[in-house]
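**Student:** The structure that follows is given in the form of structure tokens.
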Amino acid sequence: MTNDTNTPVIDRFSFDNGIVKAFLLATIVWGAVALLLGVVIASQLAHWKLNFGISWLTFGRLRPLHTNAAIFAFCGNAIFAGIYHSSQRLLKTRMFSDTLSKIHFWGWQLIIVAAAITLPLGMTSGKEYAELEWPIDILIAVVWLVFAFNYFATIKVRRERHLYVAIWFYIATIVTITILHVVNSLAIPVSLFKSYSLFAGAQDALVQWWYGHNAVAFFLTTPFLGLMYYYLPKAIKQPIYSYRLSIIHFWSLVFIYIWAGPHHLLYSVLPEWAQTVGVVFSITLLAPSWGGMINGLLTMRGAWSRVRKEPILKFFVAALTLYGMATFEGPLLSIKSVNSLAHFTDWIVGHVHSGALGWNGFMIFALLYYTVPKVWKTKLYSDKLATTHFWVATVGIVLYVLSMWASGVTQGLMWQAVEGGRLVYPDFVETVTKIIPLYYVRAFGGLLYFVGYIVMIYNLTKTIISAPKNVEEDIITAPRLDTNTLDAGKESGHRWVEGVASTFTTLVIVAVLAGSVIEILPAITAHTYMKPIPEKTPYSSLELVGRDIYIREGCYNCHSQQVRPLKNEVLRYGTKSVPEEYIYDHPFQWGSKRTGPDVSRVGGKYPDLWHYRHMIDPRSMVPQSIMPSYPWLTKGRVNFAELPKKLKVMRLMGVPYSDDEIKNAAQDARRQAKSIVMTMNLASPPKKLEERDIIALIAYLQKLHLKKDI
Amino acid sequence: MSTNDQPQDDKLLDHNYDGIQELDNPLPKWWVNLFYITGIFSVFYFGYYVFGTGPSLEEEFQASMKQDQETQQTATPSAITFTHSDDSITNGKKLFVSKCAACHKASGGGLVGPNLTDNYWITGKGTDQDIFNVISEGVPAKGMIAWKDLVKANEIADLVVYIQSIKGSNPADGLPPNGNLVE
């Protein structure tokens, strides 16, 4: 390939394995935390007492911690470990800067610790999978850009002319996550740990699910496909089945994925064309997704007998198979009629976990079992234990997914059942009681998965402890890349692009921006959604605080706030939603799961006293309820002094508060609180009840309806 | 696996990344067809719903509601009868405990809602029909739910019978009277 007249310079260097080890250890530790949290919150749904009546242990606050820990701490660290390990080898170079790698590592751990502290304290932006508050969001952006810079600089100093398919996937991950994170985190701060999303209502929902869906795409799919393309052929020692398939499925995946976000918002008040775009791109996504699966599985051709013996290969096969199942289920769930049944139910939870536990989890286990012995220069302590891990975890996944599927279909059908214009199960809680046994099965499945994980920790710890100490890093020799030959003109088409990283990256950016811009920009700029309606006025200052409490307690993890245009929902909850009713909602709170009933029409349904008793102890009003008790709401005090500032920030974003309303925000809130306390007429009310969080929350809940007397 | 999976057909490319090589196998046929089929389906689906005659969500919703009105009309409500039998009382009690006790207490002595065991009535005069009406229509402004869409008419009748049966039971922790005394 090189010009005959040039004798290439031979470089001698070593790989930075220290950074790989650091990320591997972080993966192992945070994985345990994420899984344990999962088992805890699964148990809380089965048995409400496990919320313990302690604010920072309740479901609404721990569930975001679980999802963030699983995605960003467990998967995140694993991705970085794999990227640092494989990229150095694929690019034949040490990372550009060890210092930047270290900043990336410690910065990322700092973010995780900050999340672990702030989320249980209720500091949240209220947007799923993007709950972290603005200072942490900024930290994430900075750390991510450090990583990006280091990575692209490493590509620049590479000694391998062409970028291998794994690198393509890493590049797509790095650029797209930057875009998604920055746009979705746009918010205006009120204080150090409180901000309001810049977008409102339907727009906020669209941006959020463009982000949420593509976090799945570009954090849980593309980097893992990259890992698969490196570790699978390394482990099986066979060539990749089809280079052409790699090219086609990479580009189609990157281009198509970005459009599919609105399938999370079917039957919502999002413009219908956008919903339809979400449906069709979800269906078209099937083949690109399966492209990765079949390229992986076919790479294993002829080696199936080894799968029986080698646990790493077992994890790969199961991961790819579950990936194939999840990516088949995804398009299925995007079909409108299926979606109307499954959305808001546990089916979606099961769907997510076949991907998370099966695809992401098993890929990570394969990566750990392969890489830990490699970088510590030793052998795995026990293949047998790894096989045990595999089977225990597999049974765990099967129990998890089947129970959630059964639960979702059962509850979905009960909600839908209408006979002679009347709901067959008008009591929501009846549909909850029915699925409690399945919640126990799910929690047990999760527990098995966790137990398997502990076996792995033991196995890997033994491996690391028994590794030889103070071994020298290998010295690698490779010819330096002659930059003059880069555009030698001998190649064309894709092979050429693979040699020019800047062009390649630009094409990726174009591919992901195309869908983003066409889908999101019209909705963001369309002012037609912004027309106020008389049925919904801006929140009073007390109601606004109540809303902040609703967000702080994570009520949106169990309650939705949108009535879909379906007969059964209108019968159960009331008038179907209209886009205009959400225009003051920064952030939107539509929710994605109905563990409890929709609350967008709950205002006026019950007297204040009912809510008061229900919040302190839901079982006093609904004996079979599984909702956590919120006794601390009668103790926490509303920060009245902060109210004018909150209203001001809201006005900045277009909520029409008058000067007087802002000036008198505190007095108005106190007045409204007093009148609520008066109407409740408690025999022996707690002291200073009118200043307590619970009153603000009641005010907010009573505001949730469309005024009819207009 | 299909025939094109035979390893001897494979052409090894001169790619080598850290020892990883790549084959130049063609795209699996069935996979390409899958891609085409989903793509073509999507084009038609999009055209049908966005440019064509596909019903909008609103139209689908209206259609389902209309269909329901028709079935409701055909089922003419039969006249309500109040049978003060033990069966009705047992059934009424069961319903009361599960649906009404949260606000009226299992004893009927009242909590968020008023005491139902005394001779004082806020709405109506405590006749079977009066109680039936208040349960059916509720007093939404005061927090009493309209139950007519949630509970069947004959079940509401059983509730009425049950409430009449606990009149004067004077539970220990009942709320003080509310409303007008009916002798």
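Quick note on naming: the chains in the structure tokens go A, B, ... in the order shown, residues restart at 1 in each chain, and ligands are numbered from 1 in order of appearance.
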Show me, as a ChimeraX atom specification, every residue of chain B with an atom at most 6 Å from chain A, counting only C-alpha atoms.

**Tutor:** /B:17-18,21-25,27,35,38-39,42,61,68,72,102,143,150

**Student:** If DSSP is run on the backbone, what residues of segment 34-173 of chain B are helix (DSSP H, G or I)? A reply as a PyMOL selection string would be ideal.

**Tutor:** chain B and resi 34-51+57-74+86-104+128-137+140-142+153-165

**Student:** Determine, counting only C-alpha atoms, which protein, DNA and RNA residues have an atom within 9 Å of an atom of Leu227 of chain A; residues of the same chain fewer than 5 positions away are not included. Present the result as a ChimeraX atom specification.

**Tutor:** /A:79,82-83,86,166,169-170,222,232,363,367

**Student:** Might you pull out every residue within 10 Å of segment 177-181 of chain B, with only C-alpha atoms counted and same-chain residues fewer than 4 positions away left off, and present them as an MDAnalysis selection string?

**Tutor:** chainID B and resid 109:110 114:126

**Student:** Write a file of the selected residues as a tab-separated table (two decimals), in the first residue's frame, keeping all heavy atoms.

**Tutor:**
```tsv
chain	number	residue	atom	x	y	z
B	109	GLY	N	-70.19	5.92	59.44
B	109	GLY	CA	-70.17	7.03	60.41
B	109	GLY	C	-69.60	8.33	59.87
B	109	GLY	O	-69.71	9.36	60.52
B	110	GLY	N	-68.97	8.26	58.68
B	110	GLY	CA	-68.51	9.51	58.08
B	110	GLY	C	-67.05	9.82	58.35
B	110	GLY	O	-66.52	9.47	59.40
B	114	PRO	N	-70.18	12.76	54.80
B	114	PRO	CA	-70.97	12.85	56.03
B	114	PRO	C	-71.38	11.48	56.59
B	114	PRO	O	-71.28	10.46	55.93
B	114	PRO	CB	-72.19	13.63	55.59
B	114	PRO	CG	-72.30	13.40	54.14
B	114	PRO	CD	-70.90	13.24	53.63
B	115	ASN	N	-71.83	11.54	57.82
B	115	ASN	CA	-72.41	10.38	58.50
B	115	ASN	C	-73.69	9.96	57.75
B	115	ASN	O	-74.56	10.78	57.51
B	115	ASN	CB	-72.74	10.81	59.94
B	115	ASN	CG	-73.11	9.64	60.81
B	115	ASN	OD1	-73.66	8.65	60.34
B	115	ASN	ND2	-72.84	9.77	62.10
B	116	LEU	N	-73.79	8.70	57.38
B	116	LEU	CA	-74.96	8.25	56.63
B	116	LEU	C	-75.92	7.45	57.52
B	116	LEU	O	-76.89	6.87	57.03
B	116	LEU	CB	-74.54	7.38	55.43
B	116	LEU	CG	-73.66	8.05	54.36
B	116	LEU	CD1	-73.28	7.05	53.28
B	116	LEU	CD2	-74.35	9.26	53.75
B	117	THR	N	-75.62	7.39	58.83
B	117	THR	CA	-76.44	6.54	59.68
B	117	THR	C	-77.46	7.35	60.48
B	117	THR	O	-78.24	6.78	61.24
B	117	THR	CB	-75.57	5.75	60.68
B	117	THR	OG1	-74.92	6.69	61.55
B	117	THR	CG2	-74.54	4.92	59.97
B	118	ASP	N	-77.41	8.68	60.32
B	118	ASP	CA	-78.35	9.49	61.11
B	118	ASP	C	-79.55	9.91	60.26
B	118	ASP	O	-79.67	9.52	59.09
B	118	ASP	CB	-77.63	10.70	61.71
B	118	ASP	CG	-76.94	11.52	60.63
B	118	ASP	OD1	-77.33	11.39	59.44
B	118	ASP	OD2	-76.02	12.29	60.95
B	119	ASN	N	-80.39	10.75	60.83
B	119	ASN	CA	-81.59	11.19	60.13
B	119	ASN	C	-81.42	12.53	59.45
B	119	ASN	O	-82.39	13.19	59.12
B	119	ASN	CB	-82.77	11.29	61.10
B	119	ASN	CG	-83.33	9.90	61.37
B	119	ASN	OD1	-83.17	9.01	60.55
B	119	ASN	ND2	-83.95	9.75	62.53
B	120	TYR	N	-80.16	12.95	59.30
B	120	TYR	CA	-79.91	14.26	58.70
B	120	TYR	C	-79.43	14.07	57.28
B	120	TYR	O	-78.54	13.27	57.01
B	120	TYR	CB	-78.86	15.02	59.51
B	120	TYR	CG	-79.35	15.43	60.88
B	120	TYR	CD1	-79.41	14.51	61.93
B	120	TYR	CD2	-79.77	16.74	61.11
B	120	TYR	CE1	-79.86	14.87	63.17
B	120	TYR	CE2	-80.23	17.12	62.36
B	120	TYR	CZ	-80.27	16.18	63.39
B	120	TYR	OH	-80.71	16.56	64.61
B	121	TRP	N	-80.03	14.81	56.36
B	121	TRP	CA	-79.66	14.69	54.94
B	121	TRP	C	-79.34	16.04	54.36
B	121	TRP	O	-80.07	17.00	54.55
B	121	TRP	CB	-80.78	14.02	54.15
B	121	TRP	CG	-80.95	12.59	54.57
B	121	TRP	CD1	-81.86	12.12	55.47
B	121	TRP	CD2	-80.16	11.48	54.17
B	121	TRP	NE1	-81.70	10.77	55.66
B	121	TRP	CE2	-80.66	10.35	54.86
B	121	TRP	CE3	-79.09	11.32	53.31
B	121	TRP	CZ2	-80.11	9.07	54.71
B	121	TRP	CZ3	-78.56	10.05	53.15
B	121	TRP	CH2	-79.07	8.95	53.85
B	122	ILE	N	-78.20	16.14	53.65
B	122	ILE	CA	-77.82	17.39	53.00
B	122	ILE	C	-78.58	17.51	51.69
B	122	ILE	O	-79.12	18.55	51.35
B	122	ILE	CB	-76.30	17.43	52.71
B	122	ILE	CG1	-75.51	17.16	53.99
B	122	ILE	CG2	-75.90	18.76	52.09
B	122	ILE	CD1	-74.02	16.92	53.77
B	123	THR	N	-78.66	16.40	50.99
B	123	THR	CA	-79.34	16.37	49.68
B	123	THR	C	-80.58	15.47	49.82
B	123	THR	O	-80.46	14.33	50.25
B	123	THR	CB	-78.42	15.78	48.60
B	123	THR	OG1	-77.16	16.46	48.67
B	123	THR	CG2	-79.01	15.96	47.22
B	124	GLY	N	-81.73	15.99	49.47
B	124	GLY	CA	-82.93	15.17	49.49
B	124	GLY	C	-83.43	14.90	50.91
B	124	GLY	O	-82.92	15.49	51.88
B	125	LYS	N	-84.37	13.98	51.00
B	125	LYS	CA	-85.01	13.74	52.28
B	125	LYS	C	-84.79	12.31	52.77
B	125	LYS	O	-85.52	11.81	53.62
B	125	LYS	CB	-86.51	14.01	52.17
B	125	LYS	CG	-86.83	15.48	51.95
B	125	LYS	CD	-88.31	15.72	52.19
B	125	LYS	CE	-88.67	17.15	52.53
B	125	LYS	NZ	-88.19	18.15	51.57
B	126	GLY	N	-83.86	11.62	52.14
B	126	GLY	CA	-83.54	10.29	52.63
B	126	GLY	C	-84.48	9.19	52.15
B	126	GLY	O	-84.46	8.09	52.68
```

**Student:** Go ahead and compute the interatomic distance for atom CA of Phe44 of chain B and atom CA of Phe328 of chain A, in Å to one decimal.

**Tutor:** 20.4 Å

**Student:** Write out as a PyMOL selection string which residues come within 9 Å of segment 540-548 of chain A when counting only C-alpha atoms, dropping same-chain ones fewer than 6 positions away.

**Tutor:** chain A and resi 638-640+643-644+646-647+661-662+665-666+668-670+672-673+693-703

**Student:** Measuring between only C-alpha atoms, which one of B:Ile20, B:Phe41, B:Ser107, B:Asn154 shows the shortest distance to Ser169 of chain B?

**Tutor:** B:Ser107

**Student:** If we count only C-alpha atoms and set the cut-off at 12 Å, which residues sit around Asp585 of chain A, ignoring sequence neighbours fewer than 5 positions away in its own chain? Please answer as JSON, numbers by chain.

**Tutor:** {"A": [126, 196, 197, 198, 199, 200, 201, 202, 203, 204, 205, 530, 536, 537, 538, 539, 543, 544, 547, 548, 551, 561, 579, 580, 590, 650, 653, 654, 655, 704]}

**Student:** What lies within 10 Å of Thr81 of chain B using only C-alpha atoms, ignoring chain neighbours under 4 positions off, as an NGL selection string?

**Tutor:** :B and (128-129 or 153-154 or 157-158)

**Student:** Run DSSP on the backbone and give me the residues of chain B it puts in strand (DSSP E or B), as an MDAnalysis selection string.

**Tutor:** chainID B and resid 12 17 20 22:24 120:121 139 144 180:181
